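Trainee: Sharing a structure, written as structure tokens. Questions coming.
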Amino acid sequence: MTSPSLEIAELTKIYGSIRALDSVAFRVAPGEIVAVTGPSGAGKTTICRLIAGLETADRGRIILSGEEMVHRSPQLRNVAYMFESYALYPHFNVFENIASPLRSPRTVRHYGAEAIRTAVDDVLALTEMTGFEYRLPSELSGGQKQRVALCRALVQDPSLYLLDEPISHLDAKLRHKLRGAVRRRLTATDLPSIWCTPDAVEALSVGDKVIVLSEGRIQQIGVPGEVFLRPANTTVAKLIGDPSMNILPGRFQEESETMYFRHNTGSIRVGKRYAAVLRKRGRNQDSLLGMRPAELVIKDADGWSGLKGQVYTVEPFGKYSIVTVDVGGDRLKIKTKDKVMTDIGDTVGIEFTTSDGVIFDAQTGQALSLAE
């Protein structure tokens, strides 16, 4: 039997004057996890609800296992959907909530009592919820309710998994543990999975492929490394990373075979690899330079001839610190493992330590290829 896959084509959903989804198209292969990330209101939940059949698309196609799903009722789609709101049955205990899809008359496989007990115990152990079987949802914390909702999705034998923010409300330690454990379980099924999250770092860590969504439109689709290293535009750049990429306005100028990025408050020396594409754009054309926080270094301002600014905030995180520097009204975040010796208000120099930044067009926000 051929493993199922999912095809989405030109999927569009409009609510009044709001275009919640605009011609969204992508494919999820068997055993593949596609992580969909974007800010609140980007359209992540709308994608899930349309695929599950809880909303009707205004346009587009949903093809699961080679069959068109747009006009098929939700109960006939064989989709395991974890709701962002959990949607637990308040009168069922934890065990009964998780077991409920296995007892449905629509279930593809028919489970006996012992098989149901084994399947439920398995997902309870996976999510560290063993021992909570007989509690009601009202007796659980928010994070525990989320894990019950996750268990109810994972216990099923569907054609597709839809997980809408499956671990967002868990504590950091458990979130990190389940991120890998759930990913391992999903990839072992040979079924397509969609994992929605507003946390771009989470999306990069769980997805075989990442979709960045904003205002109902796909901004970029790619493998995690590609999306992180080469964001398609400033919208993606501002969403991806921890912290996200710095975007600084200015102009590139070449002097004595050395390329500089000129900002109002100083200059940054950049690599020669920029030269060819920038010459084609013309001299002194407005551009945006994207620099990752870990690629910037704080320098002593005394005698520093490059970019300078004033320290705005210092955030120590133990193994590293994030220093925000105000550069003529633009703020740059610097992620450093070095001990921070500066205070708020101090003037510091800023060095760009690599030539692997990203150039964006100042008008369109689109990334420029250095191969142009």
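Letters for chains follow the order of the structure tokens (A, B, ...), residue numbers begin at 1 for each chain, and ligand numbers begin at 1 in the order shown.
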Do a neighbour search on region 353-370 of chain A at 10 Å with only C-alpha atoms, toss out local chain neighbours closer than 6 positions, and write the hits as JSON, numbers by chain.
Mentor: {"A": [229, 230, 231, 232, 233, 234, 235, 236, 237, 245, 246, 247, 248, 249, 250, 251, 252, 268, 269, 270, 271, 272, 273, 274, 275, 276, 277, 278, 281, 285, 286, 287, 288, 289, 290, 291, 292, 294, 295, 296, 297]}
Trainee: Would you kindly return, as a VMD selection string, each protein, DNA or RNA residue with an atom no farther than 10 Å from any atom of region 200-212 of chain A, considering only C-alpha atoms and excluding same-chain residues fewer than 3 positions away?
Mentor: chain A and resid 26 to 28 31 to 39 42 44 167 to 168 175 to 176 179 to 180 182 to 184 187 193 to 197 217 to 228 231 to 232 235 to 236 239 to 244
Trainee: Pick out each residue of region 214-243 of chain A that DSSP on the backbone tags as strand (DSSP E); I need them as a ChimeraX atom specification.
Mentor: /A:214,217-222
Trainee: Could you please write out, as an mmCIF file with N, CA and C atoms, in the first residue's frame, every residue of region 78-126 of chain A that DSSP assigns to alpha helix (DSSP H)?
Mentor:
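Contents of selection30.cif, freshly written:
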data_model
loop_
_atom_site.group_PDB
_atom_site.id
_atom_site.type_symbol
_atom_site.label_atom_id
_atom_site.label_comp_id
_atom_site.auth_asym_id
_atom_site.auth_seq_id
_atom_site.Cartn_x
_atom_site.Cartn_y
_atom_site.Cartn_z
ATOM 1 N N VAL A 94 -8.669 11.732 31.766
ATOM 2 C CA VAL A 94 -7.550 11.772 30.824
ATOM 3 C C VAL A 94 -7.558 10.539 29.922
ATOM 4 N N PHE A 95 -7.705 9.368 30.506
ATOM 5 C CA PHE A 95 -7.697 8.136 29.712
ATOM 6 C C PHE A 95 -8.815 8.153 28.679
ATOM 7 N N GLU A 96 -10.014 8.524 29.091
ATOM 8 C CA GLU A 96 -11.159 8.509 28.183
ATOM 9 C C GLU A 96 -11.004 9.536 27.071
ATOM 10 N N ASN A 97 -10.426 10.698 27.371
ATOM 11 C CA ASN A 97 -10.172 11.703 26.335
ATOM 12 C C ASN A 97 -9.229 11.161 25.275
ATOM 13 N N ILE A 98 -8.150 10.539 25.729
ATOM 14 C CA ILE A 98 -7.153 10.033 24.779
ATOM 15 C C ILE A 98 -7.701 8.862 23.969
ATOM 16 N N ALA A 99 -8.475 8.019 24.624
ATOM 17 C CA ALA A 99 -9.000 6.816 23.962
ATOM 18 C C ALA A 99 -10.174 7.111 23.041
ATOM 19 N N ALA A 113 -10.277 -3.629 23.971
ATOM 20 C CA ALA A 113 -9.985 -2.939 25.225
ATOM 21 C C ALA A 113 -8.498 -2.987 25.558
ATOM 22 N N GLU A 114 -7.860 -4.138 25.358
ATOM 23 C CA GLU A 114 -6.443 -4.263 25.687
ATOM 24 C C GLU A 114 -5.576 -3.436 24.745
ATOM 25 N N ALA A 115 -5.934 -3.407 23.466
ATOM 26 C CA ALA A 115 -5.166 -2.613 22.495
ATOM 27 C C ALA A 115 -5.285 -1.125 22.806
ATOM 28 N N ILE A 116 -6.467 -0.701 23.226
ATOM 29 C CA ILE A 116 -6.669 0.709 23.586
ATOM 30 C C ILE A 116 -5.823 1.052 24.804
ATOM 31 N N ARG A 117 -5.836 0.178 25.812
ATOM 32 C CA ARG A 117 -5.031 0.412 27.020
ATOM 33 C C ARG A 117 -3.550 0.519 26.668
ATOM 34 N N THR A 118 -3.053 -0.342 25.829
ATOM 35 C CA THR A 118 -1.636 -0.315 25.434
ATOM 36 C C THR A 118 -1.293 0.963 24.684
ATOM 37 N N ALA A 119 -2.168 1.342 23.745
ATOM 38 C CA ALA A 119 -1.912 2.546 22.948
ATOM 39 C C ALA A 119 -1.927 3.800 23.807
ATOM 40 N N VAL A 120 -2.873 3.890 24.732
ATOM 41 C CA VAL A 120 -2.967 5.064 25.609
ATOM 42 C C VAL A 120 -1.784 5.114 26.563
ATOM 43 N N ASP A 121 -1.419 3.974 27.145
ATOM 44 C CA ASP A 121 -0.266 3.949 28.051
ATOM 45 C C ASP A 121 1.007 4.383 27.339
ATOM 46 N N ASP A 122 1.126 4.032 26.077
ATOM 47 C CA ASP A 122 2.322 4.379 25.294
ATOM 48 C C ASP A 122 2.480 5.889 25.151
ATOM 49 N N VAL A 123 1.410 6.589 24.778
ATOM 50 C CA VAL A 123 1.512 8.044 24.591
ATOM 51 C C VAL A 123 1.578 8.781 25.921
ATOM 52 N N LEU A 124 0.968 8.211 26.965
ATOM 53 C CA LEU A 124 1.101 8.815 28.296
ATOM 54 C C LEU A 124 2.554 8.783 28.754
ATOM 55 N N ALA A 125 3.225 7.681 28.512
ATOM 56 C CA ALA A 125 4.641 7.574 28.878
ATOM 57 C C ALA A 125 5.490 8.539 28.059
ATOM 58 N N LEU A 126 5.172 8.650 26.778
ATOM 59 C CA LEU A 126 5.926 9.548 25.898
ATOM 60 C C LEU A 126 5.876 10.989 26.401
#
Trainee: Which is closest to Asp171 (chain A) among A:Gly43, A:Pro192, A:Gly345, A:Gly142, if we use only C-alpha atoms?
Mentor: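 The closest residue to Asp171 (chain A) is A:Gly142.
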Trainee: For region 52-64 of chain A, work out the shell of residues within 12 Å, counting only C-alpha atoms and skipping chain neighbours fewer than 6 positions away, then give it as number ranges by chain.
Mentor: A: 2-16, 19-30, 45-46, 70-83, 158-164, 191-194
Trainee: Considering only C-alpha atoms, can you say which of A:Asp157, A:Arg185, A:Arg147, A:Leu307 comes closest to Leu170 (chain A)?
Mentor: A:Arg147
